[in-house]
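> Coordinates in target38.tsv, TSV, C-alpha atoms and all ligand atoms, are listed below.
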chain	number	residue	atom	x	y	z
D	601	MET	CA	-9.54	18.47	-190.70
D	602	ARG	CA	-10.89	15.50	-188.73
D	603	ALA	CA	-13.63	13.31	-190.20
D	604	PHE	CA	-17.20	14.19	-189.23
D	605	THR	CA	-20.74	13.27	-190.19
D	606	TYR	CA	-23.35	15.78	-191.31
D	607	GLU	CA	-27.12	16.14	-191.30
D	608	ARG	CA	-29.66	18.89	-191.91
D	609	ALA	CA	-32.24	19.32	-189.15
D	610	SER	CA	-35.81	20.22	-190.07
D	611	ASP	CA	-37.14	21.30	-186.67
D	612	PRO	CA	-35.51	23.38	-183.87
D	613	VAL	CA	-36.28	20.92	-181.04
D	614	GLN	CA	-35.04	18.00	-183.14
D	615	ALA	CA	-31.82	19.92	-183.81
D	616	ALA	CA	-31.39	20.65	-180.09
D	617	ARG	CA	-32.06	17.00	-179.22
D	618	ILE	CA	-29.47	15.65	-181.65
D	619	VAL	CA	-26.76	17.98	-180.32
D	620	ALA	CA	-27.69	17.38	-176.66
D	621	GLU	CA	-27.70	13.60	-177.02
D	622	ARG	CA	-24.73	13.10	-179.28
D	623	PRO	CA	-21.34	13.91	-177.70
D	624	GLY	CA	-19.19	15.84	-180.14
D	625	ALA	CA	-22.14	17.21	-182.15
D	626	LYS	CA	-22.34	20.91	-183.00
D	627	PHE	CA	-24.72	23.24	-184.82
D	628	LEU	CA	-23.55	24.59	-188.17
D	629	ALA	CA	-24.94	27.94	-189.37
D	630	GLY	CA	-22.96	30.06	-191.87
D	631	GLY	CA	-19.81	28.09	-191.05
D	632	THR	CA	-17.56	31.16	-191.30
D	633	ASN	CA	-16.03	30.61	-187.86
D	634	LEU	CA	-16.68	26.95	-187.15
D	635	LEU	CA	-15.18	25.62	-190.40
D	636	ASP	CA	-12.03	27.75	-190.00
D	637	LEU	CA	-11.57	26.32	-186.50
D	638	MET	CA	-12.19	22.79	-187.78
D	639	LYS	CA	-9.52	23.20	-190.46
D	640	LEU	CA	-7.05	24.10	-187.70
D	641	GLU	CA	-8.39	21.21	-185.55
D	642	ILE	CA	-9.15	23.66	-182.75
D	643	GLU	CA	-12.77	22.55	-183.00
D	644	THR	CA	-13.16	18.83	-183.68
D	645	PRO	CA	-16.89	18.06	-183.83
D	646	THR	CA	-17.73	14.51	-184.84
D	647	HIS	CA	-21.18	15.43	-186.15
D	648	LEU	CA	-22.53	18.67	-187.66
D	649	VAL	CA	-26.20	19.56	-187.45
D	650	ASP	CA	-26.92	22.09	-190.17
D	651	VAL	CA	-29.62	24.51	-189.02
D	652	GLN	CA	-30.24	26.33	-192.29
D	653	ASP	CA	-33.61	24.65	-192.96
D	654	LEU	CA	-35.15	25.67	-189.61
D	655	ARG	CA	-36.97	28.70	-191.04
D	656	LEU	CA	-35.35	31.01	-188.50
D	657	ASP	CA	-34.47	33.61	-191.13
D	658	ARG	CA	-37.16	36.26	-190.66
D	659	ILE	CA	-37.23	39.63	-188.90
D	660	GLU	CA	-40.65	40.27	-187.36
D	661	GLU	CA	-42.20	43.03	-185.27
D	662	THR	CA	-43.05	42.05	-181.69
D	663	ARG	CA	-46.26	42.88	-179.84
D	664	GLU	CA	-44.16	45.11	-177.54
D	665	GLY	CA	-43.10	47.27	-180.50
D	666	GLY	CA	-39.63	45.80	-180.92
D	667	LEU	CA	-38.09	43.33	-183.37
D	668	ARG	CA	-37.57	39.58	-183.28
D	669	ILE	CA	-34.56	38.61	-185.37
D	670	GLY	CA	-34.40	34.95	-186.37
D	671	ALA	CA	-31.15	33.16	-185.47
D	672	LEU	CA	-30.46	32.48	-189.15
D	673	VAL	CA	-30.90	36.06	-190.39
D	674	THR	CA	-27.64	36.92	-192.10
D	675	ASN	CA	-25.58	39.89	-190.95
D	676	THR	CA	-26.15	41.48	-194.37
D	677	ASP	CA	-29.94	41.20	-194.18
D	678	LEU	CA	-30.02	42.41	-190.59
D	679	ALA	CA	-27.87	45.47	-191.26
D	680	ALA	CA	-29.95	46.32	-194.35
D	681	ASP	CA	-33.38	45.88	-192.77
D	682	ARG	CA	-35.37	49.12	-193.09
D	683	ARG	CA	-36.56	49.04	-189.46
D	684	VAL	CA	-33.07	48.35	-188.13
D	685	ARG	CA	-31.58	51.15	-190.22
D	686	SER	CA	-34.12	53.67	-188.96
D	687	ASP	CA	-34.68	52.64	-185.31
D	688	TYR	CA	-31.61	50.60	-184.31
D	689	GLN	CA	-28.89	52.30	-186.33
D	690	VAL	CA	-26.18	51.33	-183.84
D	691	LEU	CA	-26.75	47.72	-184.91
D	692	THR	CA	-26.42	48.46	-188.63
D	693	LYS	CA	-23.28	50.50	-187.97
D	694	ALA	CA	-21.70	47.77	-185.84
D	695	ILE	CA	-22.43	45.00	-188.34
D	696	VAL	CA	-21.08	46.84	-191.36
D	697	ALA	CA	-17.93	47.67	-189.37
D	698	GLY	CA	-17.24	43.93	-189.14
D	699	ALA	CA	-15.69	41.35	-191.46
D	700	SER	CA	-16.30	41.72	-195.24
D	701	GLY	CA	-19.35	41.79	-197.49
D	702	GLN	CA	-18.86	38.15	-198.46
D	703	LEU	CA	-18.57	37.04	-194.83
D	704	ARG	CA	-21.59	39.08	-193.77
D	705	ASN	CA	-23.62	37.39	-196.51
D	706	LYS	CA	-22.99	34.01	-194.83
D	707	ALA	CA	-22.61	34.93	-191.14
D	708	THR	CA	-25.77	34.57	-189.06
D	709	THR	CA	-27.11	36.35	-186.01
D	710	ALA	CA	-26.65	33.33	-183.72
D	711	GLY	CA	-23.28	32.37	-185.19
D	712	ASN	CA	-21.99	35.90	-184.69
D	713	LEU	CA	-22.87	35.84	-180.98
D	714	MET	CA	-21.29	32.38	-180.64
D	715	GLN	CA	-18.05	33.10	-182.55
D	716	ARG	CA	-14.93	32.37	-180.59
D	717	THR	CA	-12.11	34.63	-179.47
D	718	ARG	CA	-9.41	35.81	-181.85
D	719	CYS	CA	-6.67	35.49	-179.22
D	720	PRO	CA	-3.63	34.49	-181.35
D	721	TYR	CA	-2.61	31.76	-178.91
D	722	PHE	CA	-6.08	30.20	-179.07
D	723	TYR	CA	-5.49	29.86	-182.82
D	724	ASP	CA	-2.06	28.25	-182.38
D	725	PRO	CA	-2.44	24.59	-181.33
D	726	ASN	CA	1.25	24.49	-180.33
D	727	MET	CA	0.74	27.01	-177.52
D	728	PRO	CA	-0.83	26.46	-174.08
D	729	CYS	CA	-4.36	27.85	-173.89
D	730	ASN	CA	-6.89	27.22	-171.11
D	731	LYS	CA	-9.74	28.01	-173.45
D	732	ARG	CA	-8.67	25.51	-176.10
D	733	ARG	CA	-7.30	22.90	-173.69
D	734	PRO	CA	-8.48	23.46	-170.09
D	735	GLY	CA	-5.65	23.31	-167.55
D	736	SER	CA	-2.84	23.74	-170.10
D	737	GLY	CA	-2.06	27.34	-169.10
D	738	CYS	CA	-2.34	30.69	-170.83
D	739	ALA	CA	0.36	31.74	-173.25
D	740	ALA	CA	-1.07	35.24	-173.51
D	741	ILE	CA	-0.43	36.05	-169.86
D	742	GLY	CA	3.18	37.16	-169.94
D	743	GLY	CA	3.14	36.78	-173.73
D	744	TYR	CA	2.01	39.13	-176.50
D	745	SER	CA	-1.26	40.63	-175.34
D	746	ARG	CA	-1.78	43.82	-177.31
D	747	GLN	CA	-5.24	42.78	-178.60
D	748	LEU	CA	-6.44	41.23	-175.35
D	749	ALA	CA	-8.64	42.16	-172.41
D	750	VAL	CA	-8.06	44.98	-169.96
D	751	ILE	CA	-11.02	44.29	-167.70
D	752	GLY	CA	-13.10	41.32	-166.52
D	753	SER	CA	-10.21	38.93	-167.16
D	754	SER	CA	-8.91	36.23	-164.83
D	755	ASP	CA	-5.65	34.44	-164.04
D	756	GLN	CA	-6.84	31.72	-166.45
D	757	CYS	CA	-7.64	33.82	-169.53
D	758	ILE	CA	-7.41	37.41	-170.80
D	759	ALA	CA	-9.18	36.91	-174.14
D	760	THR	CA	-11.69	39.33	-175.63
D	761	HIS	CA	-14.97	38.59	-177.39
D	762	PRO	CA	-14.57	39.64	-181.02
D	763	SER	CA	-18.16	40.36	-182.08
D	764	ASP	CA	-19.07	43.92	-183.10
D	765	MET	CA	-22.77	43.07	-183.38
D	766	ALA	CA	-22.91	41.85	-179.78
D	767	VAL	CA	-21.68	45.23	-178.47
D	768	ALA	CA	-24.53	47.02	-180.25
D	769	MET	CA	-27.03	44.44	-178.98
D	770	ARG	CA	-25.77	45.00	-175.44
D	771	VAL	CA	-26.41	48.72	-175.66
D	772	LEU	CA	-29.90	47.99	-177.01
D	773	ASP	CA	-30.73	45.55	-174.16
D	774	ALA	CA	-31.39	42.65	-176.55
D	775	ALA	CA	-32.45	39.21	-175.32
D	776	VAL	CA	-31.43	35.81	-176.72
D	777	GLU	CA	-34.27	33.33	-177.23
D	778	THR	CA	-33.43	29.64	-177.10
D	779	VAL	CA	-34.98	26.19	-177.16
D	780	ARG	CA	-33.67	23.12	-175.32
D	781	SER	CA	-33.81	19.47	-176.25
D	782	ASP	CA	-36.94	18.94	-174.06
D	783	GLY	CA	-38.72	21.71	-175.97
D	784	ALA	CA	-38.41	24.28	-173.14
D	785	ALA	CA	-37.82	27.83	-174.37
D	786	ARG	CA	-36.18	30.68	-172.51
D	787	SER	CA	-35.14	34.28	-173.02
D	788	ILE	CA	-31.69	35.34	-171.77
D	789	PRO	CA	-30.81	39.04	-171.40
D	790	ILE	CA	-27.73	39.65	-173.51
D	791	ALA	CA	-26.01	41.07	-170.42
D	792	GLU	CA	-26.06	37.55	-168.97
D	793	PHE	CA	-25.48	35.59	-172.17
D	794	HIS	CA	-21.67	35.76	-172.45
D	795	ARG	CA	-19.63	34.76	-169.40
D	796	LEU	CA	-16.44	36.20	-167.97
D	797	PRO	CA	-13.56	33.69	-168.10
D	798	GLY	CA	-13.12	33.04	-164.38
D	799	GLU	CA	-11.80	29.54	-163.71
D	800	THR	CA	-13.51	28.05	-166.78
D	801	PRO	CA	-12.66	30.16	-169.84
D	802	GLN	CA	-13.72	27.31	-172.13
D	803	VAL	CA	-17.35	27.91	-171.07
D	804	GLU	CA	-18.20	31.06	-172.96
D	805	THR	CA	-21.96	31.42	-172.68
D	806	VAL	CA	-24.75	30.33	-170.36
D	807	LEU	CA	-26.17	27.96	-173.01
D	808	GLN	CA	-26.63	24.37	-171.90
D	809	PRO	CA	-25.42	21.50	-174.11
D	810	GLY	CA	-27.61	21.32	-177.18
D	811	GLU	CA	-29.48	24.56	-176.41
D	812	LEU	CA	-30.27	26.21	-179.74
D	813	ILE	CA	-30.56	29.96	-180.26
D	814	THR	CA	-33.79	30.60	-182.15
D	815	ALA	CA	-33.90	34.42	-182.18
D	816	VAL	CA	-32.68	37.67	-180.70
D	817	THR	CA	-35.30	40.20	-179.61
D	818	LEU	CA	-34.86	43.94	-179.43
D	819	PRO	CA	-37.09	46.05	-177.15
D	820	LYS	CA	-39.01	48.94	-178.70
D	821	PRO	CA	-36.79	51.71	-180.12
D	822	ILE	CA	-35.21	54.07	-177.57
D	823	GLY	CA	-34.65	57.04	-179.92
D	824	GLY	CA	-31.50	59.13	-179.58
D	825	ARG	CA	-28.54	59.31	-181.93
D	826	HIS	CA	-26.76	56.04	-182.57
D	827	PHE	CA	-22.99	55.58	-182.86
D	828	TYR	CA	-20.58	52.71	-183.42
D	829	GLU	CA	-16.97	53.80	-183.47
D	830	LYS	CA	-14.49	51.00	-184.12
D	831	VAL	CA	-10.73	51.52	-183.72
D	832	ARG	CA	-8.70	48.87	-185.52
D	833	ASP	CA	-5.27	48.31	-186.96
D	834	ARG	CA	-6.45	48.41	-190.61
D	835	ALA	CA	-9.29	50.40	-192.11
D	836	SER	CA	-11.26	47.26	-192.92
D	837	TYR	CA	-11.28	43.53	-192.39
D	838	ALA	CA	-9.89	43.73	-188.85
D	839	PHE	CA	-11.28	43.09	-185.40
D	840	ALA	CA	-11.73	45.95	-182.93
D	841	VAL	CA	-8.84	47.06	-180.77
D	842	VAL	CA	-11.48	49.11	-178.98
D	843	SER	CA	-15.03	49.91	-180.04
D	844	VAL	CA	-17.74	52.14	-178.60
D	845	ALA	CA	-21.46	51.56	-179.15
D	846	ALA	CA	-23.55	54.44	-177.87
D	847	VAL	CA	-27.06	55.85	-178.03
D	848	ILE	CA	-27.14	59.46	-176.88
D	849	GLY	CA	-30.15	61.76	-176.53
D	850	ARG	CA	-30.38	65.52	-177.17
D	851	ASP	CA	-29.90	66.14	-173.43
D	852	GLY	CA	-26.53	64.31	-173.49
D	853	ARG	CA	-27.81	61.33	-171.54
D	854	GLY	CA	-27.66	57.84	-172.97
D	855	ARG	CA	-26.09	54.41	-173.02
D	856	VAL	CA	-22.61	53.16	-173.84
D	857	ALA	CA	-20.94	49.75	-174.25
D	858	LEU	CA	-17.36	48.91	-175.18
D	859	GLY	CA	-16.01	46.17	-177.43
D	860	GLY	CA	-12.44	44.86	-177.62
D	861	VAL	CA	-11.79	45.29	-173.90
D	862	ALA	CA	-13.30	42.21	-172.23
D	863	HIS	CA	-14.50	38.63	-172.61
D	864	LYS	CA	-17.98	40.04	-173.30
D	865	PRO	CA	-19.45	43.34	-174.47
D	866	TRP	CA	-18.62	45.70	-171.61
D	867	ARG	CA	-21.40	47.88	-170.22
D	868	VAL	CA	-21.84	49.24	-166.69
D	869	GLU	CA	-25.21	51.00	-166.50
D	870	ALA	CA	-24.20	53.04	-163.42
D	871	ALA	CA	-21.36	54.65	-165.41
D	872	GLU	CA	-23.81	56.10	-167.92
D	873	ALA	CA	-25.10	58.71	-165.47
D	874	ALA	CA	-21.77	60.50	-166.04
D	875	LEU	CA	-22.28	60.88	-169.83
D	876	PRO	CA	-23.22	64.60	-169.60
D	877	GLN	CA	-19.93	65.20	-167.72
D	878	GLY	CA	-17.88	63.72	-170.58
D	879	ALA	CA	-15.82	60.69	-171.51
D	880	LYS	CA	-13.29	60.87	-168.66
D	881	ALA	CA	-16.03	60.70	-166.05
D	882	VAL	CA	-17.73	57.75	-167.81
D	883	THR	CA	-14.61	55.67	-168.35
D	884	ALA	CA	-13.36	56.32	-164.80
D	885	SER	CA	-16.38	54.33	-163.64
D	886	LEU	CA	-16.85	52.01	-166.66
D	887	LEU	CA	-13.25	50.80	-166.55
D	888	ALA	CA	-12.72	50.95	-162.77
D	889	GLY	CA	-10.80	47.86	-161.66
D	890	ALA	CA	-9.16	47.37	-165.07
D	891	ARG	CA	-6.09	45.11	-165.05
D	892	PRO	CA	-4.29	45.88	-168.34
D	893	THR	CA	-0.99	44.34	-169.37
D	894	THR	CA	2.02	46.42	-170.37
D	895	HIS	CA	1.14	45.68	-174.03
D	896	ASN	CA	-2.46	46.81	-173.88
D	897	ALA	CA	-2.60	49.55	-171.22
D	898	PHE	CA	-3.00	51.96	-174.16
D	899	LYS	CA	-6.57	50.67	-174.53
D	900	LEU	CA	-7.67	52.66	-171.46
D	901	PRO	CA	-6.88	56.13	-172.86
D	902	LEU	CA	-7.95	54.88	-176.30
D	903	ALA	CA	-11.40	53.93	-174.97
D	904	GLU	CA	-11.72	57.32	-173.29
D	905	ARG	CA	-10.71	59.21	-176.45
D	906	THR	CA	-12.98	57.13	-178.67
D	907	LEU	CA	-15.90	57.83	-176.36
D	908	ALA	CA	-14.92	61.52	-176.30
D	909	ALA	CA	-15.10	61.54	-180.11
D	910	VAL	CA	-18.56	59.95	-179.98
D	911	ILE	CA	-19.81	62.45	-177.39
D	912	SER	CA	-18.44	65.31	-179.48
D	913	GLN	CA	-20.26	63.99	-182.57
D	914	ALA	CA	-23.46	63.70	-180.52
D	915	ARG	CA	-23.14	67.32	-179.37
D	916	HIS	CA	-22.48	68.69	-182.82
D	917	SER	CA	-24.76	66.60	-185.02
W	1001	LIG	C1	-11.61	37.03	-191.96
W	1001	LIG	C2	-12.71	37.26	-190.96
W	1001	LIG	C3	-12.91	38.53	-190.44
W	1001	LIG	C4	-13.92	38.74	-189.51
W	1001	LIG	N1	-14.10	40.01	-189.00
W	1001	LIG	C5	-15.06	40.21	-188.06
W	1001	LIG	C6	-15.24	41.49	-187.47
W	1001	LIG	O1	-14.54	42.45	-187.78
W	1001	LIG	N2	-16.22	41.62	-186.54
W	1001	LIG	C7	-17.01	40.58	-186.17
W	1001	LIG	O2	-17.90	40.77	-185.32
W	1001	LIG	N3	-16.86	39.37	-186.71
W	1001	LIG	C8	-15.91	39.17	-187.63
W	1001	LIG	N4	-15.72	37.93	-188.17
W	1001	LIG	C9	-16.45	36.80	-187.58
W	1001	LIG	C10	-17.74	36.52	-188.27
W	1001	LIG	O3	-18.63	37.57	-187.96
W	1001	LIG	C11	-18.24	35.20	-187.68
W	1001	LIG	O4	-17.43	34.18	-188.24
W	1001	LIG	C12	-19.68	34.91	-188.01
W	1001	LIG	O5	-20.52	35.91	-187.48
W	1001	LIG	C13	-20.11	33.56	-187.45
W	1001	LIG	O6	-21.41	33.27	-187.92
W	1001	LIG	P1	-21.73	31.90	-188.67
W	1001	LIG	O7	-23.19	31.89	-188.94
W	1001	LIG	O8	-20.85	31.69	-189.85
W	1001	LIG	O9	-21.37	30.88	-187.52
W	1001	LIG	P2	-20.79	29.39	-187.61
W	1001	LIG	O10	-19.35	29.44	-187.99
W	1001	LIG	O11	-21.67	28.49	-188.39
W	1001	LIG	O12	-20.94	28.96	-186.07
W	1001	LIG	C14	-20.21	29.63	-185.06
W	1001	LIG	C15	-20.59	28.97	-183.72
W	1001	LIG	O13	-21.96	29.23	-183.43
W	1001	LIG	C16	-22.64	28.01	-183.14
W	1001	LIG	N5	-24.03	28.24	-183.59
W	1001	LIG	C17	-24.41	28.60	-184.84
W	1001	LIG	N6	-25.76	28.74	-184.87
W	1001	LIG	C18	-26.22	28.47	-183.61
W	1001	LIG	C19	-27.51	28.49	-183.01
W	1001	LIG	N7	-28.62	28.82	-183.70
W	1001	LIG	N8	-27.61	28.18	-181.70
W	1001	LIG	C20	-26.50	27.88	-180.98
W	1001	LIG	N9	-25.25	27.84	-181.50
W	1001	LIG	C21	-25.11	28.15	-182.80
W	1001	LIG	C22	-21.87	26.96	-183.92
W	1001	LIG	O14	-22.06	25.67	-183.37
W	1001	LIG	C23	-20.45	27.45	-183.75
W	1001	LIG	O15	-19.95	27.04	-182.51
W	1001	LIG	C24	-14.75	37.67	-189.12
W	1001	LIG	C25	-14.56	36.40	-189.65
W	1001	LIG	C26	-13.54	36.18	-190.55
W	1001	LIG	C27	-13.34	34.80	-191.11
W	1002	LIG	S1	-6.00	34.52	-173.22
W	1002	LIG	FE1	-7.51	32.86	-173.14
W	1002	LIG	S2	-7.71	32.28	-175.26
W	1002	LIG	FE2	-5.76	33.39	-175.11
W	1002	LIG	S3	-4.16	31.86	-174.63
W	1002	LIG	FE3	-4.93	32.62	-172.70
W	1002	LIG	S4	-6.50	31.11	-172.18
W	1002	LIG	FE4	-6.16	30.92	-174.35
Now that the file is in, can you turn its structure into structure tokens?

Amino acid sequence: MRAFTYERASDPVQAARIVAERPGAKFLAGGTNLLDLMKLEIETPTHLVDVQDLRLDRIEETREGGLRIGALVTNTDLAADRRVRSDYQVLTKAIVAGASGQLRNKATTAGNLMQRTRCPYFYDPNMPCNKRRPGSGCAAIGGYSRQLAVIGSSDQCIATHPSDMAVAMRVLDAAVETVRSDGAARSIPIAEFHRLPGETPQVETVLQPGELITAVTLPKPIGGRHFYEKVRDRASYAFAVVSVAAVIGRDGRGRVALGGVAHKPWRVEAAEAALPQGAKAVTASLLAGARPTTHNAFKLPLAERTLAAVISQARHS
């Protein structure tokens, strides 16, 4: 691990200012992703700004009837929250499908959204990777790509976003609240928060340098039955090969987002109109234009079958 300095910020704008003004500075939340990447020297921050004293660890009701989740709320506390368990069950289900109890105790809401890809070549500093070292090439294209993206990818990068929580937040139409170093705040729809790789796979979100996530807001509950179905290589402690987050009403209509297939949670609202016709009709539209590799083409029928299982549960529960 490279040498770095460390400080604890006491105010969100001060934290944003330090990171914006100091090249090589990064926020530190639970540390469960950042420290692993630092040990491998994939991330080499020169200064860490610890955000744990910023009092961003509360879940509050909003005036609109939704919830405002502080950036520092742990995954464990979020999944266990009484209001989340009753009104936003897809979120609880997605979070508990991820990582381990110990990790969820440390991992935070903001850190989870900001975690980096699990592409094996990104984690191997000896291999070319445009995300880790822009312009060096992509070892996954033409390499081993079983886990990687089938849609939304580019000639520069075919990585997936690994977060389960983000897929549930996408189906719930969450928004990411931030503050910048000049004190300006903004709210970013989660649909626009993560970027597709395009020509710049190293730029993963629309955050500006030093912009701090302060909270994630959920609109008022939408009812319906909530599902998170995660297909993975081991029963626990593994990232999604494919996941389906869905909220489905008694009439068979609803919302659906996929994880494990793209550089961001994958939702196409127009495809949801086909939900009453079944999974094949939805995925034909949701995954139109997919460009799988020979290693991961199986994800297309897998996504359809996983959605079919969810729709069947919705019909019979
Ligand atoms: C063995 C293992 C298995 C895992 N399995 C899963 C899984 O199945 N599903 C899943 O979804 N996840 C999984 N994870 C990932 C885990 O969920 C993430 O590591 C965790 O959510 C990151 O949160 P953190 O608070 O520790 O972030 P940190 O590691 O502290 O930070 C991560 C990134 O977020 C940035 N950041 C932190 N806070 C802010 C903020 N407020 N504003 C702006 N930027 C910020 C940091 O600068 C850093 O770049 C696994 C991790 C491990 C180690
Ligand atoms: S898919 Fe993306 S993250 Fe993986 S090696 Fe290629 S550029 Fe790097």
> Using all atoms listed in the file, find each residue with an atom at most 7 Å away from ligand LIG 1001 (chain W) and format the answer as a PyMOL selection string.
chain D and resi 626-635+651+671-672+695+697-700+703-704+706-715+762-765+811-814+837-840
> Please return as a PyMOL selection string the residues found within 10 Å of ligand LIG 1002 (chain W), counting all atoms listed in the file.
chain D and resi 716-724+727-745+747-749+753-761+797+800-802+863
> Compute the distance from (-35.2, 22.2, -185.0) to each atom, counting only C-alpha atoms, keep the residues with any atom at most 12 Å away, and return them as JSON, numbers by chain; use the coordinates of the file.
{"D": [607, 608, 609, 610, 611, 612, 613, 614, 615, 616, 617, 618, 619, 627, 649, 650, 651, 652, 653, 654, 655, 656, 671, 778, 779, 780, 781, 782, 783, 810, 811, 812, 813, 814]}
> Just the number, please: distance in Å from atom CA of Ala846 of chain D to atom CA of Ala884 of chain D, one decimal.
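Value for the atom CA of Ala846 of chain D-atom CA of Ala884 of chain D distance: 16.7 Å.
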> Go ahead and compute the interatomic distance for atom CA of Asn675 of chain D and atom CA of Thr692 of chain D, in Å to one decimal.
8.9 Å
> Between segment 624-712 of chain D and segment 824-832 of chain D, at 6 Å or less, what are the per-residue closest atom pairs and their distances in Å? Count only C-alpha atoms, order by chain and rising residue number, and return it as CSV.

residue,atom,partner,partner_atom,distance
D:Gln689,CA,D:His826,CA,5.7
D:Val690,CA,D:His826,CA,4.9
D:Lys693,CA,D:Tyr828,CA,5.7
D:Ala694,CA,D:Tyr828,CA,5.6
> Just to confirm, what's the straight-line distance from atom CA of Ala873 of chain D to atom CA of Pro819 of chain D in Å (one decimal)?
21.0 Å
> For Ser836 of chain D, which of D:Val696, D:Ile788, D:Ala620, D:Ala766 is the closest residue, counting only C-alpha atoms?
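Under the stated criterion, the closest residue is D:Val696.
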> Which residue gives the smallest distance to Gly859 of chain D among D:Val816, D:Phe793, D:Ile751, D:Ala909, with all atoms listed in the file counted?
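Using all atoms listed in the file, the shortest distance to Gly859 of chain D belongs to D:Ile751.
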> Show which residues sit within 12 Å of Arg850 of chain D, as a list in words. Count all atoms listed in the file, and ignore same-chain residues fewer than 3 positions away.
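Final neighbour list, sorted by chain and number: Gly823, Gly824, Arg825, His826, Val847, Arg853, Gly854, Leu875, Pro876, Ile911, Gln913, Ala914, Arg915, His916 and Ser917 of chain D.
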> Nearest to Tyr688 of chain D: which of D:Leu648, D:Gln808, D:Lys820, D:Ala791 is it, counting only C-alpha atoms?
D:Lys820
> Taking only C-alpha atoms into account, name the residue in D:Gln702, D:Thr676, D:Thr644, D:Ser686 that is nearest to Asp657 of chain D.
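Using only C-alpha atoms, Asp657 of chain D sits closest to D:Thr676.
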> Give me the residues within 10 Å of segment 897-905 of chain D as number ranges by chain, counting all atoms listed in the file and dropping any in the same chain fewer than 5 places off.
D: 745-751, 831, 841-844, 858-861, 878-884, 886-887, 890-892, 910-911
> Go through D:Pro725, D:Gly665, D:Gly670, D:Pro623 one by one, measure the shortest atom-to-atom distance of each to Glu641 of chain D using all atoms listed in the file, and give the residue with the smallest value.
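Distance minimum relative to Glu641 of chain D lands on D:Pro725.
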